[in-house]
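Some notes on the structure that comes next.
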Amino acid sequence: MDHIVSKLLMYGDMPKDSILMELSSICLDLREGGQTKDRLITRVFRQVKRLLVLATDFGFNSNLWHNYLTFLLITDENPFSITCEKTGANDGSVNYFAKNDFKAFKELFDYDFAWLENKLGIDCFTHLSDYKAIGKSELMYNKSVSEKVQALSRQLDEAADEDEFFSYVTEFYKAYGVGMFGLNKAFRISPDESGRSIVFQPINNMDRVMLDDLIGYEIQKKKLADNTRAFVEGRRANNVLLFGDSGTGKSTSVKAIVNEFYDQGLRMIEIYKHQFQDLSSVIAKIKNRNYRFIIYMDDLSFEEFEIEYKFLKAVIEGGVETKPENILIYATSNRRHIIRETWSDRDDVKVENGMHQSDTMEEKLSLVNRFGVTINFSKPSQKEFFHIVIELARRAGVGLSDEELCAEANKWELSHGGISGRTAQQFVNYLAGQYGTQHGTAD
């Protein structure tokens, strides 16, 4: 296997600890006699276990070796795969090198592990070629990802040569993209090992909430959905600030929007306030990808001594480099103007033509003015609160009458944070637990 892997050029920079590279190293050591038989068996079994874990995580079935190789091809971000994602396969010299790599992958697809198993006295790869999962995995990142990988795997298995291999893979890149952005909806950022750059970490447990799960706020949801729909369809759209009382569904609405438009190429990157200095690096890494990105900032607010908002202002509008068309910023805040205002902000007030002007206040307000769409999520009235409670209770299968629900909800909110969608959800969760039913999606 090692002599096949050594032929890879465009796809040759895979991590040394990847399953493919580890198995290649094992084959080399077995042939050269560099390690004991027991040690090599242990190393093989470790990679087989990793294949089984991958199969569980993604719901792979049938030929796990082929599924794994296909998974490598659709997640390897290199100049060739990223170009195909953006523009499809074009004529060029790079295709020659890519087809050489695909010829090697075709050999890997057809690789016979019998010699390795005979020498080590083991029998495992045969079972991996006809693997039958014990039911569907509940831990799959995304069902459609599993189906896409297995469908492409079957195509590649039947490919007659590297030309057909090339055609199937590049068509997949153009249709679905390449790398982690094709497999996940949402990400956070963290420093890489060197500390000089950033890497994207998938958020695999994001709520599966949809807009219909949020009761009420129909005008707000429509405004947010309309802006996002325009964005994913390539039309003009604005950065969005969702502001208002705590527990009214601001964060839930953003998560729901990502779930609603995920299959249309929308992705979300969550960034915290202390990471604003990395915003330029984030944008540089995603600006040429064939996806639409929402950079999401939850519970955004600044105290008077914090100056991170200046990084955000420069990125949203006013910097030397224009913000790419495939990026928008969505933020939630309990403060209408995001930045805390104090009486000291008025110390530099000047009166000009009868108008009071303050440079400090203008600078702080200029941040919120850079959001083209602002959506107010105010605290519901008691009537709206009762409507939310009743609707959530019915969805959760709670059998109390409307009158009973309202009476109990009134007592609950008095001692549990007041009227809000979050309080309503918490109350219904409590009732669902008492009645042994499933509760709905938390707000």
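Residue numbers start at 1 in each chain; chains themselves are named A, B, ... in the order of the structure tokens; ligands are numbered from 1 in the order shown.
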message = Env of Thr170 (chain A): 7 Å cut, atoms = only C-alpha atoms, seq-sep filter 2 positions within chain, self excluded. Answer as a PyMOL selection string.
response = chain A and resi 84+88-89+166-168+172-174
message = Report as a list in words all protein, DNA and RNA residues lying within 12 Å of Lys285 (chain A), evaluated on only C-alpha atoms, omitting residues in the same chain fewer than 2 positions from it.
response =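 Surrounding residues, per the criterion: Glu77, Ile82, Phe181, Ile189, Ser197, Ile198, Val199, Phe200, Ile269, Asp278, Leu279, Ser280, Ser281, Val282, Ile283, Lys287, Asn288, Arg289, Asn290, Tyr291, Phe293, Pro324, Asn326 and Ile327 of chain A.
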key: Shell around His387 (chain A) at 12 Å using only C-alpha atoms, local window under 5 positions removed, as a PyMOL selection string   = chain A and resi 214-217+380-382+392-394+402-403+405-406+409+419-421+424-425
Only N, CA and C atoms, please: the residues just picked out, written as a PDB file, in the first residue's frame.
ATOM      1  N   LEU A 214     -40.438  28.206  17.147  1.00  0.00           N
ATOM      2  CA  LEU A 214     -40.506  29.434  17.928  1.00  0.00           C
ATOM      3  C   LEU A 214     -41.905  30.019  17.793  1.00  0.00           C
ATOM      4  N   ILE A 215     -42.645  30.006  18.887  1.00  0.00           N
ATOM      5  CA  ILE A 215     -44.036  30.460  18.857  1.00  0.00           C
ATOM      6  C   ILE A 215     -44.075  31.988  18.898  1.00  0.00           C
ATOM      7  N   GLY A 216     -44.915  32.570  18.053  1.00  0.00           N
ATOM      8  CA  GLY A 216     -45.045  34.018  18.014  1.00  0.00           C
ATOM      9  C   GLY A 216     -43.914  34.662  17.226  1.00  0.00           C
ATOM     10  N   TYR A 217     -43.777  35.973  17.369  1.00  0.00           N
ATOM     11  CA  TYR A 217     -42.712  36.744  16.718  1.00  0.00           C
ATOM     12  C   TYR A 217     -42.703  36.522  15.199  1.00  0.00           C
ATOM     13  N   PRO A 380     -42.906  39.350  25.660  1.00  0.00           N
ATOM     14  CA  PRO A 380     -44.308  39.178  25.279  1.00  0.00           C
ATOM     15  C   PRO A 380     -45.257  39.743  26.333  1.00  0.00           C
ATOM     16  N   SER A 381     -46.439  40.140  25.894  1.00  0.00           N
ATOM     17  CA  SER A 381     -47.488  40.509  26.840  1.00  0.00           C
ATOM     18  C   SER A 381     -47.959  39.246  27.543  1.00  0.00           C
ATOM     19  N   GLN A 382     -48.766  39.414  28.590  1.00  0.00           N
ATOM     20  CA  GLN A 382     -49.246  38.227  29.289  1.00  0.00           C
ATOM     21  C   GLN A 382     -50.110  37.362  28.380  1.00  0.00           C
ATOM     22  N   LEU A 392     -46.911  25.416  23.161  1.00  0.00           N
ATOM     23  CA  LEU A 392     -45.814  24.508  23.506  1.00  0.00           C
ATOM     24  C   LEU A 392     -46.333  23.283  24.256  1.00  0.00           C
ATOM     25  N   ALA A 393     -47.284  23.496  25.147  1.00  0.00           N
ATOM     26  CA  ALA A 393     -47.840  22.389  25.926  1.00  0.00           C
ATOM     27  C   ALA A 393     -48.552  21.390  25.021  1.00  0.00           C
ATOM     28  N   ARG A 394     -49.285  21.887  24.021  1.00  0.00           N
ATOM     29  CA  ARG A 394     -49.982  20.991  23.114  1.00  0.00           C
ATOM     30  C   ARG A 394     -48.974  20.165  22.306  1.00  0.00           C
ATOM     31  N   ASP A 402     -56.654  24.681  28.747  1.00  0.00           N
ATOM     32  CA  ASP A 402     -56.062  26.004  28.557  1.00  0.00           C
ATOM     33  C   ASP A 402     -56.115  26.814  29.841  1.00  0.00           C
ATOM     34  N   GLU A 403     -57.243  26.755  30.553  1.00  0.00           N
ATOM     35  CA  GLU A 403     -57.405  27.519  31.789  1.00  0.00           C
ATOM     36  C   GLU A 403     -56.405  27.050  32.848  1.00  0.00           C
ATOM     37  N   LEU A 405     -53.543  25.526  32.310  1.00  0.00           N
ATOM     38  CA  LEU A 405     -52.191  25.901  31.880  1.00  0.00           C
ATOM     39  C   LEU A 405     -51.893  27.356  32.201  1.00  0.00           C
ATOM     40  N   CYS A 406     -52.840  28.243  31.909  1.00  0.00           N
ATOM     41  CA  CYS A 406     -52.634  29.670  32.153  1.00  0.00           C
ATOM     42  C   CYS A 406     -52.474  29.953  33.649  1.00  0.00           C
ATOM     43  N   ALA A 409     -49.098  28.581  34.690  1.00  0.00           N
ATOM     44  CA  ALA A 409     -48.031  29.384  34.081  1.00  0.00           C
ATOM     45  C   ALA A 409     -47.878  30.714  34.790  1.00  0.00           C
ATOM     46  N   ILE A 419     -42.030  36.966  32.572  1.00  0.00           N
ATOM     47  CA  ILE A 419     -42.621  36.566  31.297  1.00  0.00           C
ATOM     48  C   ILE A 419     -41.581  36.590  30.175  1.00  0.00           C
ATOM     49  N   SER A 420     -41.415  35.446  29.509  1.00  0.00           N
ATOM     50  CA  SER A 420     -40.554  35.358  28.324  1.00  0.00           C
ATOM     51  C   SER A 420     -40.798  34.013  27.658  1.00  0.00           C
ATOM     52  N   GLY A 421     -40.359  33.875  26.430  1.00  0.00           N
ATOM     53  CA  GLY A 421     -40.469  32.595  25.747  1.00  0.00           C
ATOM     54  C   GLY A 421     -39.671  31.514  26.445  1.00  0.00           C
ATOM     55  N   ALA A 424     -41.599  30.269  29.382  1.00  0.00           N
ATOM     56  CA  ALA A 424     -42.686  29.411  28.914  1.00  0.00           C
ATOM     57  C   ALA A 424     -42.167  28.012  28.596  1.00  0.00           C
ATOM     58  N   GLN A 425     -41.013  27.940  27.910  1.00  0.00           N
ATOM     59  CA  GLN A 425     -40.447  26.640  27.553  1.00  0.00           C
ATOM     60  C   GLN A 425     -40.041  25.864  28.805  1.00  0.00           C
TER      61      GLN A 425
END
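Taking only C-alpha atoms, the non-local environment of Met210 (chain A) within 9 Å (same-chain residues fewer than 3 positions away omitted) comprises Asp207, Asp213, Leu214, Thr252, Ser253, Lys255, Ala256, Ile257, Val258, Asn259 and Glu260 of chain A.
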task = Find the residues near Arg154 (chain A): any atom within 10 Å, counting only C-alpha atoms, skip ones fewer than 2 places away on the same chain, and give them as a VMD selection string.
result = chain A and resid 62 to 63 66 to 67 70 149 to 152 156 to 159
Produce a file of the selected residues containing N, CA and C atoms, as a PDB file, in the first residue's frame.
ATOM      1  N   SER A  62     -22.075  -1.234   4.482  1.00  0.00           N
ATOM      2  CA  SER A  62     -21.549  -1.990   3.354  1.00  0.00           C
ATOM      3  C   SER A  62     -20.018  -1.984   3.383  1.00  0.00           C
ATOM      4  N   ASN A  63     -19.345  -1.410   2.378  1.00  0.00           N
ATOM      5  CA  ASN A  63     -17.883  -1.470   2.303  1.00  0.00           C
ATOM      6  C   ASN A  63     -17.274  -0.260   3.017  1.00  0.00           C
ATOM      7  N   HIS A  66     -14.152   1.433   1.316  1.00  0.00           N
ATOM      8  CA  HIS A  66     -14.522   2.332   0.224  1.00  0.00           C
ATOM      9  C   HIS A  66     -15.164   3.617   0.758  1.00  0.00           C
ATOM     10  N   ASN A  67     -16.026   3.481   1.767  1.00  0.00           N
ATOM     11  CA  ASN A  67     -16.629   4.665   2.384  1.00  0.00           C
ATOM     12  C   ASN A  67     -15.563   5.591   2.939  1.00  0.00           C
ATOM     13  N   THR A  70     -13.628   7.355   0.147  1.00  0.00           N
ATOM     14  CA  THR A  70     -14.505   8.396  -0.410  1.00  0.00           C
ATOM     15  C   THR A  70     -14.578   9.590   0.525  1.00  0.00           C
ATOM     16  N   VAL A 149     -22.000  10.222   0.800  1.00  0.00           N
ATOM     17  CA  VAL A 149     -20.728   9.504   0.805  1.00  0.00           C
ATOM     18  C   VAL A 149     -20.914   8.098   0.242  1.00  0.00           C
ATOM     19  N   GLN A 150     -21.952   7.409   0.693  1.00  0.00           N
ATOM     20  CA  GLN A 150     -22.154   6.034   0.242  1.00  0.00           C
ATOM     21  C   GLN A 150     -22.543   5.967  -1.237  1.00  0.00           C
ATOM     22  N   ALA A 151     -23.304   6.949  -1.693  1.00  0.00           N
ATOM     23  CA  ALA A 151     -23.672   6.980  -3.113  1.00  0.00           C
ATOM     24  C   ALA A 151     -22.443   7.193  -3.987  1.00  0.00           C
ATOM     25  N   LEU A 152     -21.574   8.150  -3.607  1.00  0.00           N
ATOM     26  CA  LEU A 152     -20.350   8.390  -4.369  1.00  0.00           C
ATOM     27  C   LEU A 152     -19.420   7.191  -4.275  1.00  0.00           C
ATOM     28  N   LEU A 156     -17.679   5.258  -7.414  1.00  0.00           N
ATOM     29  CA  LEU A 156     -16.226   5.117  -7.554  1.00  0.00           C
ATOM     30  C   LEU A 156     -15.823   3.652  -7.624  1.00  0.00           C
ATOM     31  N   ASP A 157     -16.533   2.807  -6.919  1.00  0.00           N
ATOM     32  CA  ASP A 157     -16.247   1.374  -6.962  1.00  0.00           C
ATOM     33  C   ASP A 157     -16.470   0.817  -8.361  1.00  0.00           C
ATOM     34  N   GLU A 158     -17.436   1.389  -9.072  1.00  0.00           N
ATOM     35  CA  GLU A 158     -17.774   0.898 -10.414  1.00  0.00           C
ATOM     36  C   GLU A 158     -17.028   1.630 -11.521  1.00  0.00           C
ATOM     37  N   ALA A 159     -16.239   2.654 -11.160  1.00  0.00           N
ATOM     38  CA  ALA A 159     -15.511   3.425 -12.174  1.00  0.00           C
ATOM     39  C   ALA A 159     -14.532   2.523 -12.927  1.00  0.00           C
TER      40      ALA A 159
END
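For region 30-41 of chain A, the list of residues within 9 Å, based on only C-alpha atoms and with local chain neighbours fewer than 2 positions off taken out, reads A:Ser25, A:Ile26, A:Cys27, A:Leu28, A:Arg43, A:Val44, A:Phe45, A:Arg46, A:Leu116, A:Lys119, A:Leu120, A:Gly121, A:Ile122.
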key: Nearest to Gly397 (chain A), chosen from A:Phe377, A:Glu384, A:Pro79, A:Gln434, with only C-alpha atoms counted in the distances   = A:Gln434
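With only C-alpha atoms as the atoms that count, the minimum distance from Val373 (chain A) to the choices A:Asn239, A:Gly433, A:Gly247, A:Ser401 is reached by A:Asn239.
Taking only C-alpha atoms into account, Leu72 (chain A) lies nearest to A:Ser153 out of the set A:Ser153, A:Ser24, A:Gln264, A:Asn204.
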request  = Kindly give the distance, in Å, that separates CA of Asn78 (chain A) and CA of Tyr296 (chain A), rounded to a single decimal.
outcome  =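 That distance, rounded to one decimal, is 26.6 Å.
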